[in-house]
$ cat work.tsv   # TSV, C-alpha atoms
chain	number	residue	atom	x	y	z
W	238	MET	CA	121.84	119.70	115.37
W	239	ARG	CA	123.27	120.81	112.06
W	240	LEU	CA	124.41	118.77	109.07
W	241	SER	CA	125.14	118.99	105.38
W	242	THR	CA	124.51	116.15	102.95
W	243	ALA	CA	123.76	115.39	99.32
W	244	LYS	CA	120.14	114.99	98.28
W	245	GLU	CA	120.92	111.64	96.62
W	246	SER	CA	122.49	110.23	99.80
W	247	LEU	CA	119.71	111.40	102.09
W	248	ILE	CA	116.85	110.16	99.92
W	249	GLN	CA	118.40	106.69	99.73
W	250	GLY	CA	118.69	106.58	103.52
W	251	LEU	CA	115.16	107.91	104.03
W	252	GLN	CA	113.67	105.31	101.73
W	253	ILE	CA	115.38	102.56	103.70
W	254	ALA	CA	114.48	104.00	107.11
W	255	ALA	CA	110.86	104.54	106.06
W	256	ARG	CA	110.36	100.77	105.99
W	257	GLY	CA	110.31	100.73	109.78
W	258	VAL	CA	107.90	103.65	110.20
W	259	SER	CA	104.55	102.93	111.85
W	260	PRO	CA	102.02	105.51	110.54
W	261	ARG	CA	99.10	103.95	112.43
W	262	SER	CA	100.82	103.64	115.80
W	263	PRO	CA	99.12	105.25	118.84
W	264	MET	CA	102.54	106.84	119.50
W	265	ALA	CA	102.71	109.80	117.11
W	266	VAL	CA	106.51	109.93	117.32
W	267	LEU	CA	106.74	106.52	115.59
W	268	ALA	CA	105.50	108.19	112.39
W	269	GLY	CA	108.85	109.93	112.28
W	270	ILE	CA	112.46	109.09	111.45
W	271	TYR	CA	115.06	109.65	114.15
W	272	PHE	CA	118.04	111.73	112.98
W	273	ASP	CA	121.10	111.19	115.16
W	274	CYS	CA	124.28	113.16	114.48
W	275	ARG	CA	127.12	111.73	116.53
W	276	GLY	CA	130.81	111.10	115.98
W	277	GLY	CA	130.79	112.69	112.55
W	278	GLN	CA	128.05	110.38	111.27
W	279	LEU	CA	124.34	110.68	110.50
W	280	MET	CA	122.33	107.68	111.65
W	281	LEU	CA	118.67	107.31	110.65
W	282	ARG	CA	116.41	105.09	112.75
W	283	SER	CA	112.77	104.01	112.65
W	284	THR	CA	110.71	101.46	114.55
W	285	ASP	CA	107.21	100.16	115.22
W	286	LEU	CA	108.48	98.63	118.50
W	287	ASP	CA	108.58	95.13	116.97
W	288	PHE	CA	110.56	95.92	113.82
W	289	SER	CA	113.40	98.44	113.53
W	290	VAL	CA	115.62	99.86	110.80
W	291	GLN	CA	118.78	101.90	111.08
W	292	CYS	CA	121.15	103.10	108.38
W	293	LEU	CA	124.19	105.34	108.07
W	294	VAL	CA	124.02	108.25	105.62
W	295	PRO	CA	127.12	110.04	104.28
W	296	ALA	CA	126.98	113.52	105.77
W	297	GLN	CA	129.10	116.31	107.20
W	298	VAL	CA	128.11	116.80	110.84
W	299	LEU	CA	128.48	120.48	111.67
W	300	GLU	CA	126.84	120.28	115.10
W	301	GLU	CA	125.93	117.13	117.01
W	302	GLY	CA	122.37	116.51	118.15
W	303	SER	CA	119.19	114.62	117.34
W	304	THR	CA	115.59	115.09	116.31
W	305	VAL	CA	112.63	113.15	114.89
W	306	ILE	CA	111.26	114.44	111.59
W	307	PRO	CA	107.87	113.23	110.23
W	308	ALA	CA	108.77	110.52	107.73
W	309	LYS	CA	106.23	111.34	105.04
W	310	TYR	CA	107.09	115.04	104.82
W	311	ILE	CA	110.86	114.74	104.91
W	312	THR	CA	110.87	111.88	102.40
W	313	ASP	CA	108.44	113.48	99.94
W	314	PHE	CA	110.11	116.87	100.24
W	315	THR	CA	113.64	115.56	99.76
W	316	ARG	CA	112.53	113.58	96.73
W	317	LEU	CA	111.28	116.82	95.09
W	318	LEU	CA	114.46	118.79	95.74
W	319	PRO	CA	116.88	119.58	92.91
W	320	ASP	CA	120.08	117.57	92.88
W	321	GLY	CA	122.85	118.95	95.03
W	322	ARG	CA	123.67	119.54	98.66
W	323	MET	CA	121.26	120.52	101.38
W	324	GLU	CA	121.67	121.61	104.98
W	325	ILE	CA	119.46	120.68	107.92
W	326	THR	CA	119.50	122.75	111.11
W	327	VAL	CA	117.35	122.01	114.15
W	328	ASP	CA	116.54	124.64	116.77
W	329	GLU	CA	116.66	122.85	120.12
W	330	VAL	CA	114.28	125.39	121.70
W	331	THR	CA	111.49	125.39	119.11
W	332	ASN	CA	112.27	121.87	117.78
W	333	ILE	CA	111.83	123.10	114.21
W	334	ALA	CA	114.00	121.72	111.42
W	335	SER	CA	115.12	124.23	108.83
W	336	ILE	CA	116.16	122.72	105.50
W	337	THR	CA	118.07	125.02	103.18
W	338	TYR	CA	118.83	124.28	99.54
W	339	GLY	CA	120.36	126.93	97.31
W	340	ASN	CA	118.69	130.22	98.22
W	341	SER	CA	115.51	128.50	99.46
W	342	GLU	CA	114.34	127.20	102.82
W	343	PHE	CA	111.78	124.74	104.17
W	344	ASN	CA	110.76	124.54	107.85
W	345	ILE	CA	108.99	121.66	109.54
W	346	ASN	CA	107.89	120.93	113.09
W	347	CYS	CA	109.62	117.89	114.57
W	348	TYR	CA	108.83	115.40	117.31
W	349	HIS	CA	110.90	115.60	120.46
W	350	PRO	CA	113.79	113.10	120.32
W	351	ALA	CA	113.31	112.18	123.99
W	352	ASP	CA	109.90	110.69	123.08
W	353	PHE	CA	111.41	108.28	120.56
W	354	PRO	CA	111.97	104.76	121.96
W	355	GLU	CA	115.56	104.05	122.85
W	356	GLN	CA	117.39	101.36	120.93
W	357	SER	CA	116.33	98.41	123.08
W	358	LEU	CA	117.85	95.58	121.02
W	359	PRO	CA	119.54	93.16	123.42
W	360	VAL	CA	123.05	91.88	122.84
W	361	LEU	CA	122.99	89.38	119.99
W	362	GLU	CA	125.78	86.96	120.84
W	363	GLN	CA	125.36	84.47	117.98
W	364	SER	CA	125.99	85.42	114.36
W	365	LEU	CA	126.83	84.04	110.93
W	366	THR	CA	127.58	85.50	107.51
W	367	LEU	CA	125.94	84.50	104.24
W	368	SER	CA	126.33	85.26	100.56
W	369	SER	CA	123.71	87.88	99.75
W	370	ASP	CA	122.74	86.23	96.47
W	371	ARG	CA	122.23	82.82	98.06
W	372	PHE	CA	120.38	84.32	101.00
W	373	ARG	CA	118.00	86.23	98.72
W	374	GLN	CA	117.35	83.11	96.62
W	375	ALA	CA	116.60	81.10	99.77
W	376	VAL	CA	114.12	83.69	101.04
W	377	ARG	CA	112.37	83.76	97.67
W	378	GLN	CA	112.08	79.98	97.65
W	379	VAL	CA	110.30	79.70	101.02
W	380	ILE	CA	108.46	82.98	101.59
W	381	PHE	CA	105.56	82.01	99.31
W	382	ALA	CA	104.48	79.31	101.79
W	383	VAL	CA	104.12	81.67	104.77
W	384	SER	CA	100.61	82.12	106.14
W	385	SER	CA	98.88	85.52	106.15
W	386	GLN	CA	96.53	84.49	108.98
W	387	ASP	CA	97.56	86.14	112.26
W	388	SER	CA	95.45	83.66	114.25
W	389	ARG	CA	98.37	81.18	114.05
W	390	PRO	CA	101.48	83.32	114.58
W	391	VAL	CA	104.13	80.62	114.08
W	392	PHE	CA	102.92	80.11	110.51
W	393	THR	CA	103.39	83.82	109.71
W	394	GLY	CA	107.14	83.39	110.05
W	395	VAL	CA	109.96	81.26	108.70
W	396	LEU	CA	111.70	78.68	110.85
W	397	LEU	CA	115.50	78.94	110.76
W	398	GLU	CA	117.40	75.85	111.88
W	399	ILE	CA	121.04	76.78	112.42
W	400	ARG	CA	123.72	74.09	112.44
W	401	PRO	CA	127.52	74.39	112.26
W	402	ASP	CA	127.54	73.59	108.53
W	403	SER	CA	124.08	74.59	107.34
W	404	LEU	CA	121.09	76.91	107.64
W	405	THR	CA	117.67	75.42	106.89
W	406	MET	CA	114.65	77.65	106.21
W	407	VAL	CA	111.13	76.24	106.54
W	408	ALA	CA	107.75	77.87	105.91
W	409	THR	CA	104.20	76.53	105.80
W	410	ASP	CA	100.60	77.67	105.91
W	411	THR	CA	99.42	74.01	106.30
W	412	PHE	CA	98.33	73.87	102.63
W	413	ARG	CA	101.88	74.07	101.31
W	414	LEU	CA	105.36	73.77	102.74
W	415	ALA	CA	108.81	74.81	101.53
W	416	VAL	CA	112.21	73.71	102.84
W	417	LYS	CA	115.50	75.27	101.72
W	418	ARG	CA	118.97	74.29	102.93
W	419	LEU	CA	122.00	76.57	102.70
W	420	ALA	CA	125.52	75.24	103.26
W	421	LEU	CA	127.70	77.35	105.55
W	422	GLY	CA	131.42	77.89	105.98
W	423	GLU	CA	133.69	75.66	103.91
W	424	ASN	CA	130.63	73.93	102.45
W	425	GLU	CA	129.06	77.16	101.19
W	426	GLU	CA	130.57	77.01	97.73
W	427	ALA	CA	129.34	73.43	97.31
W	428	GLY	CA	125.77	74.67	97.48
W	429	ALA	CA	123.23	71.90	97.17
W	430	VAL	CA	123.51	68.43	98.64
W	431	LYS	CA	124.75	66.12	95.91
W	432	GLN	CA	122.42	63.32	94.98
W	433	PRO	CA	123.68	59.74	94.96
W	434	ALA	CA	125.38	58.58	91.81
W	435	GLU	CA	123.43	56.33	89.50
W	436	GLY	CA	123.88	52.73	90.57
W	437	ASP	CA	124.27	53.52	94.28
W	438	ALA	CA	122.08	51.31	96.42
W	439	ALA	CA	120.35	54.36	97.87
W	440	ALA	CA	120.03	56.20	94.62
W	441	ALA	CA	116.98	56.69	92.53
W	442	GLY	CA	117.13	54.69	89.33
W	443	PRO	CA	116.97	55.97	85.76
W	444	PRO	CA	113.95	58.13	84.91
W	445	GLY	CA	110.86	56.03	84.48
W	446	GLU	CA	112.19	53.04	86.42
W	447	ASN	CA	112.18	54.29	90.03
W	448	ALA	CA	109.31	56.38	91.33
W	449	GLY	CA	110.93	57.23	94.64
W	450	PRO	CA	112.74	60.51	95.44
W	451	PRO	CA	116.56	60.61	95.71
W	452	GLY	CA	116.86	58.97	99.12
W	453	ALA	CA	120.31	60.00	100.35
W	454	GLY	CA	120.02	63.58	99.12
W	455	LEU	CA	116.59	63.95	100.67
W	456	ALA	CA	117.83	62.49	103.95
W	457	GLU	CA	120.61	65.06	104.16
W	458	LEU	CA	118.27	67.89	103.23
W	459	LEU	CA	115.99	66.78	106.07
W	460	GLU	CA	118.84	66.34	108.55
W	461	GLU	CA	117.48	65.80	112.05
W	462	SER	CA	120.59	66.36	114.17
W	463	ASP	CA	120.05	68.83	117.00
W	464	PRO	CA	120.51	72.37	115.67
W	465	LEU	CA	122.52	75.03	117.47
W	466	ALA	CA	119.40	77.19	117.40
W	467	GLU	CA	115.84	77.24	116.12
W	468	ILE	CA	114.28	80.66	115.64
W	469	ILE	CA	111.06	81.78	113.94
W	470	VAL	CA	111.65	85.01	112.01
W	471	PRO	CA	108.67	87.15	110.91
W	472	ALA	CA	108.15	87.00	107.15
W	473	ARG	CA	108.31	90.79	106.92
W	474	THR	CA	111.75	90.82	108.54
W	475	LEU	CA	113.11	88.26	106.07
W	476	GLN	CA	111.64	90.14	103.11
W	477	GLU	CA	113.21	93.41	104.25
W	478	ALA	CA	116.51	91.62	104.88
W	479	SER	CA	116.37	90.29	101.33
W	480	ARG	CA	115.87	93.84	100.02
W	481	ILE	CA	118.88	95.29	101.82
W	482	ALA	CA	120.98	92.30	100.75
W	483	ALA	CA	120.47	93.27	97.10
W	484	SER	CA	123.08	96.02	97.43
W	485	ALA	CA	125.76	94.01	99.26
W	486	GLU	CA	127.91	90.93	98.69
W	487	LYS	CA	127.41	89.56	102.20
W	488	ILE	CA	124.75	89.78	104.88
W	489	SER	CA	125.22	88.92	108.53
W	490	LEU	CA	122.56	87.28	110.69
W	491	SER	CA	122.71	87.79	114.46
W	492	TYR	CA	120.25	86.39	116.96
W	493	SER	CA	119.40	85.84	120.59
W	494	ALA	CA	116.54	84.05	122.32
W	495	THR	CA	114.17	86.95	121.62
W	496	HIS	CA	115.52	89.02	118.69
W	497	VAL	CA	117.14	88.74	115.30
W	498	ALA	CA	119.11	91.26	113.25
W	499	PHE	CA	120.39	91.37	109.67
W	500	SER	CA	123.16	93.74	108.64
W	501	THR	CA	124.98	94.66	105.45
W	502	GLY	CA	127.33	97.14	107.10
W	503	ASP	CA	125.66	100.55	106.83
W	504	ILE	CA	122.13	99.10	107.14
W	505	THR	CA	120.75	97.00	109.99
W	506	ILE	CA	117.22	95.72	110.44
W	507	SER	CA	116.07	93.95	113.58
W	508	SER	CA	112.90	92.52	115.01
W	509	ARG	CA	111.44	90.39	117.73
W	510	LEU	CA	111.26	86.68	117.05
W	511	ILE	CA	107.89	84.93	116.91
W	512	LYS	CA	107.19	83.02	120.08
W	513	GLY	CA	105.95	79.46	119.87
W	514	LYS	CA	106.95	76.02	118.65
W	515	PHE	CA	107.11	75.31	114.94
W	516	PRO	CA	105.35	72.01	114.11
W	517	PRO	CA	107.53	68.92	113.43
W	518	PHE	CA	107.41	69.36	109.66
W	519	ARG	CA	109.60	66.34	108.86
W	520	GLN	CA	106.84	64.00	109.99
W	521	ILE	CA	104.50	65.10	107.21
W	522	ILE	CA	106.96	64.81	104.33
W	523	PRO	CA	106.17	61.69	102.27
W	524	LEU	CA	109.37	59.82	101.55
W	525	ARG	CA	108.30	57.39	98.82
W	526	GLN	CA	105.31	57.39	96.49
W	527	PRO	CA	104.34	55.04	93.68
W	528	THR	CA	103.65	57.74	91.07
W	529	VAL	CA	106.13	60.34	89.81
W	530	VAL	CA	105.57	62.73	86.94
W	531	ARG	CA	108.40	64.80	85.46
W	532	LEU	CA	107.92	67.80	83.21
W	533	ASN	CA	109.29	71.23	82.33
W	534	THR	CA	108.79	73.73	85.14
W	535	ALA	CA	108.36	76.82	82.95
W	536	ALA	CA	105.82	75.07	80.71
W	537	LEU	CA	103.69	74.01	83.68
W	538	LEU	CA	103.94	77.49	85.22
W	539	SER	CA	102.82	79.15	81.98
W	540	ALA	CA	99.85	76.79	81.71
W	541	ALA	CA	98.91	77.37	85.36
W	542	GLU	CA	99.04	81.15	84.93
W	543	ARG	CA	96.77	80.95	81.89
W	544	CYS	CA	94.36	78.75	83.83
W	545	SER	CA	94.38	81.28	86.67
W	546	LEU	CA	92.63	83.76	84.38
W	547	LEU	CA	89.46	81.69	84.75
W	548	ALA	CA	89.90	80.83	88.44
W	549	VAL	CA	87.56	82.44	90.94
W	550	ASP	CA	87.63	82.51	94.73
W	551	THR	CA	84.82	79.99	94.92
W	552	ASN	CA	86.57	77.58	92.56
W	553	PRO	CA	90.36	78.10	92.35
W	554	ALA	CA	91.12	74.44	91.55
W	555	VAL	CA	92.86	73.43	88.32
W	556	GLY	CA	92.66	69.84	87.09
W	557	PHE	CA	95.89	67.84	86.81
W	558	ILE	CA	95.50	64.65	84.76
W	559	MET	CA	98.44	62.32	84.14
W	560	ASN	CA	98.87	60.32	80.97
W	561	GLN	CA	101.74	58.04	80.01
W	562	ASP	CA	103.63	60.73	78.10
W	563	SER	CA	101.78	63.94	78.96
W	564	VAL	CA	99.97	65.93	81.64
W	565	THR	CA	96.68	67.70	81.02
W	566	VAL	CA	95.81	70.81	83.04
W	567	ASN	CA	92.35	72.26	82.78
W	568	ILE	CA	89.90	74.54	84.48
W	569	LYS	CA	86.26	75.39	83.85
W	570	SER	CA	84.26	78.33	85.15
W	571	GLU	CA	81.22	80.39	84.19
W	572	THR	CA	83.50	82.48	81.98
W	573	GLY	CA	84.81	79.57	79.93
W	574	TRP	CA	87.29	76.72	80.04
W	575	ILE	CA	90.93	75.95	79.25
W	576	ARG	CA	92.59	72.63	78.52
W	577	GLU	CA	96.34	72.32	77.92
W	578	GLU	CA	98.41	69.22	77.28
W	579	LEU	CA	102.10	69.26	78.27
W	580	PRO	CA	104.83	66.70	77.47
W	581	ALA	CA	105.71	64.69	80.58
W	582	GLU	CA	107.34	61.48	81.75
W	583	LEU	CA	105.32	59.22	84.05
W	584	SER	CA	106.54	56.54	86.43
W	585	GLY	CA	103.91	54.42	88.14
W	586	PRO	CA	100.13	54.41	87.81
W	587	PRO	CA	98.53	57.57	86.35
W	588	LEU	CA	96.37	59.71	88.63
W	589	GLN	CA	93.96	62.60	88.38
W	590	THR	CA	93.94	65.35	91.01
W	591	TYR	CA	93.41	69.09	91.49
W	592	PHE	CA	95.52	71.96	92.82
W	593	ASN	CA	94.74	75.46	93.96
W	594	VAL	CA	96.04	77.29	90.90
W	595	LYS	CA	97.59	80.16	92.87
W	596	TYR	CA	99.39	77.80	95.24
W	597	LEU	CA	100.63	75.79	92.27
W	598	SER	CA	101.96	78.90	90.50
W	599	ASP	CA	103.66	80.26	93.63
W	600	MET	CA	105.39	76.95	94.23
W	601	LEU	CA	106.56	76.59	90.61
W	602	LYS	CA	108.21	80.03	90.76
W	603	ALA	CA	110.29	78.83	93.70
W	604	VAL	CA	111.51	75.48	92.33
W	605	PRO	CA	115.09	75.68	90.98
W	606	GLY	CA	116.17	74.09	87.71
W	607	GLU	CA	114.48	73.51	84.36
W	608	ASN	CA	112.45	70.43	85.26
W	609	ILE	CA	110.25	69.42	88.15
W	610	ALA	CA	109.35	66.05	89.66
W	611	LEU	CA	106.01	65.63	91.48
W	612	HIS	CA	105.70	62.54	93.69
W	613	PHE	CA	102.18	61.24	94.39
W	614	GLU	CA	100.83	58.61	96.76
W	615	ASP	CA	97.21	59.04	95.70
W	616	PRO	CA	94.94	61.84	94.39
W	617	VAL	CA	94.28	63.38	97.83
W	618	SER	CA	97.51	63.01	99.85
W	619	PRO	CA	100.17	65.75	100.03
W	620	VAL	CA	102.44	65.84	96.97
W	621	LEU	CA	106.22	66.00	97.31
W	622	VAL	CA	107.77	68.43	94.82
W	623	LEU	CA	111.48	68.32	93.93
W	624	ALA	CA	113.67	69.87	91.28
W	625	ASP	CA	114.43	67.11	88.76
W	626	GLN	CA	118.12	67.92	88.44
W	627	ALA	CA	121.37	66.01	88.76
W	628	GLU	CA	123.56	68.57	90.49
W	629	GLY	CA	122.02	68.49	93.95
W	630	LEU	CA	119.06	68.63	96.27
W	631	ASP	CA	118.69	71.65	98.54
W	632	PHE	CA	114.99	72.45	98.15
W	633	LEU	CA	111.67	70.66	98.46
W	634	SER	CA	108.06	71.66	98.65
W	635	ILE	CA	104.82	69.99	99.69
W	636	LEU	CA	101.53	70.87	98.02
W	637	VAL	CA	98.16	69.63	99.25
W	638	PRO	CA	95.63	68.85	96.50
W	639	ALA	CA	92.54	71.07	96.52
W	640	TYR	CA	89.40	69.65	94.98
W	641	PRO	CA	86.79	72.01	93.49
W	642	LYS	CA	83.61	72.35	95.49
W	643	ASN	CA	81.54	70.50	92.91
W	644	GLN	CA	83.77	67.42	93.23
W	645	SER	CA	82.88	64.67	95.65
$ encode --input "work.tsv" --output "structure tokens"
Amino acid sequence: MRLSTAKESLIQGLQIAARGVSPRSPMAVLAGIYFDCRGGQLMLRSTDLDFSVQCLVPAQVLEEGSTVIPAKYITDFTRLLPDGRMEITVDEVTNIASITYGNSEFNINCYHPADFPEQSLPVLEQSLTLSSDRFRQAVRQVIFAVSSQDSRPVFTGVLLEIRPDSLTMVATDTFRLAVKRLALGENEEAGAVKQPAEGDAAAAGPPGENAGPPGAGLAELLEESDPLAEIIVPARTLQEASRIAASAEKISLSYSATHVAFSTGDITISSRLIKGKFPPFRQIIPLRQPTVVRLNTAALLSAAERCSLLAVDTNPAVGFIMNQDSVTVNIKSETGWIREELPAELSGPPLQTYFNVKYLSDMLKAVPGENIALHFEDPVSPVLVLADQAEGLDFLSILVPAYPKNQS
């Protein structure tokens, strides 16, 4: 194998391919990146057997072949090279890669390419294409609710419900839930589901007069028609897909019964799907509550982040007290206490509750729009969170109150 490429091109490819490397795998070869020179192209591949990355790198192929170079050494070394072209030659007998740059040379022992797992991704017959910007926003809006506890695998991934005209993403760790709907095809430019016009029988009334959520918009967001497919994608896979989407206008999603892949053209990531049945999340979403409080999202987030400075693992709860025209957030710990009053609009009877301050902050970062509407049934039941905006409804979240340990 022999190739010539620019340092800038190779380091970009190596940084992408390194995301699939498994340094702690019992198979030593998985700590390397597979270099495959075929058909005038250089393809880089990496895998941990569950998650795989491959990307094309601009290069001049002087002699076809393949090898597996230790990821850490080739990446760190290439990063330290001066700008310019470099040449990589692999001796098939000794399996040593010789990297020449200017009048200098670097040699490194490689893994045998035959030991690297073959590309075992099955044929992915179903696919769809999404706007990269909208896809990345959707991932950001649900990924915060994914569980980090491996004991319940389905909660470590994101449910994707695929319908002819929409893609719905759902994530939950049982303490919080996020639902995001993306329109597909001709409906993609429309974006969010439009809420009913004021005066419609199903519409929510003017602020302060109707405490219920926007019924028709919420119903469409929570559409229950049979999807074409339901797949549970590992959170890591979606996060990596979001990263590669940052450099492309479109991203394609392909899937089968066991695998999923995301591609932007020169870069493809793939992984196994999570086995199991996602819980029927629609059943836990409260559809109408007597108390609604509306306030500025950024103001509440800033207050929550300041309160988090005093939160400790044993008492992460921040107080949330509703008044007729304001909301008070407060927290008290051994270090000190904070009390902040924020302008708000209340519909229905005022309540006092508590939230895990980290969960509250994570959720607020995901809610679109300037204002937020929190819908309460009582101080202890799950709270429905919606963007308080007129242009549409394509996102909701559920947050379970969390009382401090010293509260009865």
$ atom_distance --input "work.tsv" --atom1 "atom CA of W:Pro616" --atom2 "atom CA of W:Thr528"
10.2 Å
$ atom_distance --input "work.tsv" --atom1 "atom CA of W:Ser634" --atom2 "atom CA of W:Leu414"
5.3 Å
$ residues_around --input "work.tsv" --residues "stretch 246-254 of chain W" --least-positions-apart "2" --cutoff "6 Å" --atoms "only C-alpha atoms" --output "ChimeraX atom specification"
/W:243-244,256-257,283,290,294
$ residues_around --input "work.tsv" --residues "W:Gln374" --least-positions-apart "2" --cutoff "12 Å" --atoms "all atoms listed in the file" --output "CSV table (one decimal) with C-alpha atoms, in the frame of the given file"
chain,number,residue,atom,x,y,z
W,367,LEU,CA,125.9,84.5,104.2
W,368,SER,CA,126.3,85.3,100.6
W,369,SER,CA,123.7,87.9,99.8
W,370,ASP,CA,122.7,86.2,96.5
W,371,ARG,CA,122.2,82.8,98.1
W,372,PHE,CA,120.4,84.3,101.0
W,376,VAL,CA,114.1,83.7,101.0
W,377,ARG,CA,112.4,83.8,97.7
W,378,GLN,CA,112.1,80.0,97.6
W,379,VAL,CA,110.3,79.7,101.0
W,380,ILE,CA,108.5,83.0,101.6
W,406,MET,CA,114.6,77.6,106.2
W,417,LYS,CA,115.5,75.3,101.7
W,418,ARG,CA,119.0,74.3,102.9
W,419,LEU,CA,122.0,76.6,102.7
W,428,GLY,CA,125.8,74.7,97.5
W,475,LEU,CA,113.1,88.3,106.1
W,476,GLN,CA,111.6,90.1,103.1
W,478,ALA,CA,116.5,91.6,104.9
W,479,SER,CA,116.4,90.3,101.3
W,480,ARG,CA,115.9,93.8,100.0
W,482,ALA,CA,121.0,92.3,100.8
W,483,ALA,CA,120.5,93.3,97.1
W,602,LYS,CA,108.2,80.0,90.8
W,603,ALA,CA,110.3,78.8,93.7
W,604,VAL,CA,111.5,75.5,92.3
W,605,PRO,CA,115.1,75.7,91.0
W,631,ASP,CA,118.7,71.6,98.5
W,632,PHE,CA,115.0,72.4,98.2
$ atom_distance --input "work.tsv" --atom1 "atom CA of W:Lys309" --atom2 "atom CA of W:Ala268"
8.0 Å
$ closest_atom_pairs --input "work.tsv" --of "stretch 262-290 of chain W" --to "stretch 498-516 of chain W" --cutoff "9 Å" --atoms "only C-alpha atoms" --output "JSON lines"
{"residue": "W:Leu286", "atom": "CA", "partner": "W:Ser508", "partner_atom": "CA", "distance": 8.3}
{"residue": "W:Asp287", "atom": "CA", "partner": "W:Ser508", "partner_atom": "CA", "distance": 5.4}
{"residue": "W:Phe288", "atom": "CA", "partner": "W:Ser508", "partner_atom": "CA", "distance": 4.3}
{"residue": "W:Ser289", "atom": "CA", "partner": "W:Ser507", "partner_atom": "CA", "distance": 5.2}
{"residue": "W:Val290", "atom": "CA", "partner": "W:Ile506", "partner_atom": "CA", "distance": 4.5}
$ closest_residue --input "work.tsv" --among "W:Ile468, W:Val407, W:Ala485, W:Val549" --to "W:Pro641" --atoms "all atoms listed in the file"
W:Val549
$ residues_near_point --input "work.tsv" --point "(109.2, 117.8, 117.7)" --cutoff "8 Å" --atoms "only C-alpha atoms" --output "number ranges by chain"
W: 304-306, 332-333, 346-350
$ closest_residue --input "work.tsv" --among "W:Leu279, W:Ala415, W:Leu601, W:Val258" --to "W:Asn533" --atoms "all atoms listed in the file"
W:Leu601
$ closest_residue --input "work.tsv" --among "W:Glu467, W:Glu301, W:Glu578, W:Asp320" --to "W:Leu397" --atoms "all atoms listed in the file"
W:Glu467
$ closest_residue --input "work.tsv" --among "W:Asn567, W:Thr409, W:Gln278, W:Ser303" --to "W:Ala334" --atoms "only C-alpha atoms"
W:Ser303
$ residues_around --input "work.tsv" --residues "W:Ser545" --least-positions-apart "3" --cutoff "10 Å" --atoms "only C-alpha atoms" --output "count of residues only"
15
$ build_atoms --input "work.tsv" --residues "stretch 313-324 of chain W" --atoms "N, CA and C atoms" --output "short mmCIF file (atom, residue, chain, number, x, y, z; two decimals), keeping the file's coordinate frame"
data_model
loop_
_atom_site.label_atom_id
_atom_site.label_comp_id
_atom_site.auth_asym_id
_atom_site.auth_seq_id
_atom_site.Cartn_x
_atom_site.Cartn_y
_atom_site.Cartn_z
N ASP W 313 109.05 112.89 101.14
CA ASP W 313 108.44 113.48 99.94
C ASP W 313 109.14 114.77 99.54
N PHE W 314 109.47 115.59 100.54
CA PHE W 314 110.11 116.87 100.24
C PHE W 314 111.49 116.67 99.65
N THR W 315 112.28 115.80 100.25
CA THR W 315 113.64 115.56 99.76
C THR W 315 113.61 115.00 98.34
N ARG W 316 112.64 114.16 98.07
CA ARG W 316 112.53 113.58 96.73
C ARG W 316 112.31 114.67 95.67
N LEU W 317 111.61 115.75 96.04
CA LEU W 317 111.28 116.82 95.09
C LEU W 317 112.35 117.89 94.98
N LEU W 318 113.39 117.79 95.79
CA LEU W 318 114.46 118.79 95.74
C LEU W 318 115.31 118.63 94.48
N PRO W 319 115.91 119.71 94.01
CA PRO W 319 116.88 119.58 92.91
C PRO W 319 118.12 118.86 93.40
N ASP W 320 118.85 118.25 92.49
CA ASP W 320 120.08 117.57 92.88
C ASP W 320 121.06 118.57 93.46
N GLY W 321 121.86 118.08 94.40
CA GLY W 321 122.85 118.95 95.03
C GLY W 321 122.86 118.78 96.53
N ARG W 322 123.56 119.64 97.22
CA ARG W 322 123.67 119.54 98.66
C ARG W 322 122.56 120.31 99.35
N MET W 323 122.27 119.88 100.56
CA MET W 323 121.26 120.52 101.38
C MET W 323 121.77 120.56 102.81
N GLU W 324 121.24 121.49 103.59
CA GLU W 324 121.67 121.61 104.98
C GLU W 324 120.45 121.55 105.88
#
